[in-house]
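Participant: My structure is below; once you've seen it, I'll send some questions.
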Amino acid sequence: MKLNLQNAVIILIAGMLLVLAGVVLKTEMPPFSNPVVLSGLAVEFIGTIWLVLSLNQRRKKEEK
């Protein structure tokens, strides 16, 4: 996967969907909701790092 803005946004959206699925599961199956929410937050964290790195890479390319 390339380090670009589009991929970072896709990862962030996937993390949001995981968190949303965990919230929905919390009402139906409480034992399964916590790992889903935590994995969604982990994906959000990775997506945020990816976003910052891609914006930094874009800024460095524009300076040249």
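Just so we're on the same page: first chain in the structure tokens is A, next is B, and so on; residues restart at 1 for each chain, and ligands are numbered from 1 in the order they show up.
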Would you mind listing what lies within 7 Å of A:Ala8 as a list in words, with only C-alpha atoms counted and same-chain residues fewer than 3 positions away left out?
Facilitator: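 The residues satisfying every condition are Asn4, Leu5, Ile11, Leu12, Gly47, Trp50 and Leu51 of chain A.
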Participant: Could you please take those selected residues and save N, CA, C and O atoms as a compact mmCIF listing (two decimals), in the first residue's frame?
Facilitator:
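Contents of again_5.txt, as written:
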```txt
# COMPACT_ATOMS: atom_id res chain seq x y z
N ASN A 4 -0.21 7.41 0.76
CA ASN A 4 -0.85 8.59 0.20
C ASN A 4 -2.13 8.93 0.96
O ASN A 4 -2.59 8.17 1.82
N LEU A 5 -2.67 10.06 0.65
CA LEU A 5 -3.83 10.59 1.38
C LEU A 5 -5.07 9.72 1.20
O LEU A 5 -5.82 9.50 2.15
N ILE A 11 -8.32 3.93 5.44
CA ILE A 11 -8.03 3.29 6.72
C ILE A 11 -8.83 3.95 7.84
O ILE A 11 -9.37 3.27 8.72
N LEU A 12 -8.94 5.27 7.82
CA LEU A 12 -9.72 5.97 8.84
C LEU A 12 -11.21 5.58 8.76
O LEU A 12 -11.86 5.38 9.80
N GLY A 47 -4.40 4.69 11.07
CA GLY A 47 -4.84 5.59 10.00
C GLY A 47 -4.42 7.03 10.23
O GLY A 47 -4.06 7.74 9.30
N TRP A 50 -0.78 7.26 9.49
CA TRP A 50 -0.64 7.19 8.03
C TRP A 50 -0.97 8.55 7.41
O TRP A 50 -0.28 9.01 6.50
N LEU A 51 -2.02 9.19 7.90
CA LEU A 51 -2.43 10.50 7.39
C LEU A 51 -1.35 11.55 7.64
O LEU A 51 -0.99 12.31 6.74
```
Participant: Write out as number ranges by chain which residues come within 12 Å of A:Leu55 when counting only C-alpha atoms, dropping same-chain ones fewer than 6 positions away.
Facilitator: A: 3-9, 48-49, 61-62
Participant: Set the distance at 10 Å and use only C-alpha atoms: which residues neighbour A:Val23 once local chain neighbours fewer than 5 positions away are removed? I'd like the list as a list of chain:residue names.
Facilitator: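 Here the answer would be A:Leu17, A:Leu18, A:Glu28, A:Met29, A:Pro30, A:Ser33, A:Asn34, A:Val36, A:Val37.
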Participant: Hey, can you check how far atom CA of A:Ala42 sits from atom CA of A:Lys26?
Facilitator: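 Atom-to-atom, atom CA of A:Ala42 to atom CA of A:Lys26, that is 17.9 Å.
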Participant: In terms of the shortest atom-to-atom distance over only C-alpha atoms, which of A:Gln57, A:Pro31, A:Leu41, A:Lys2 is closest to A:Val19?
Facilitator: A:Leu41
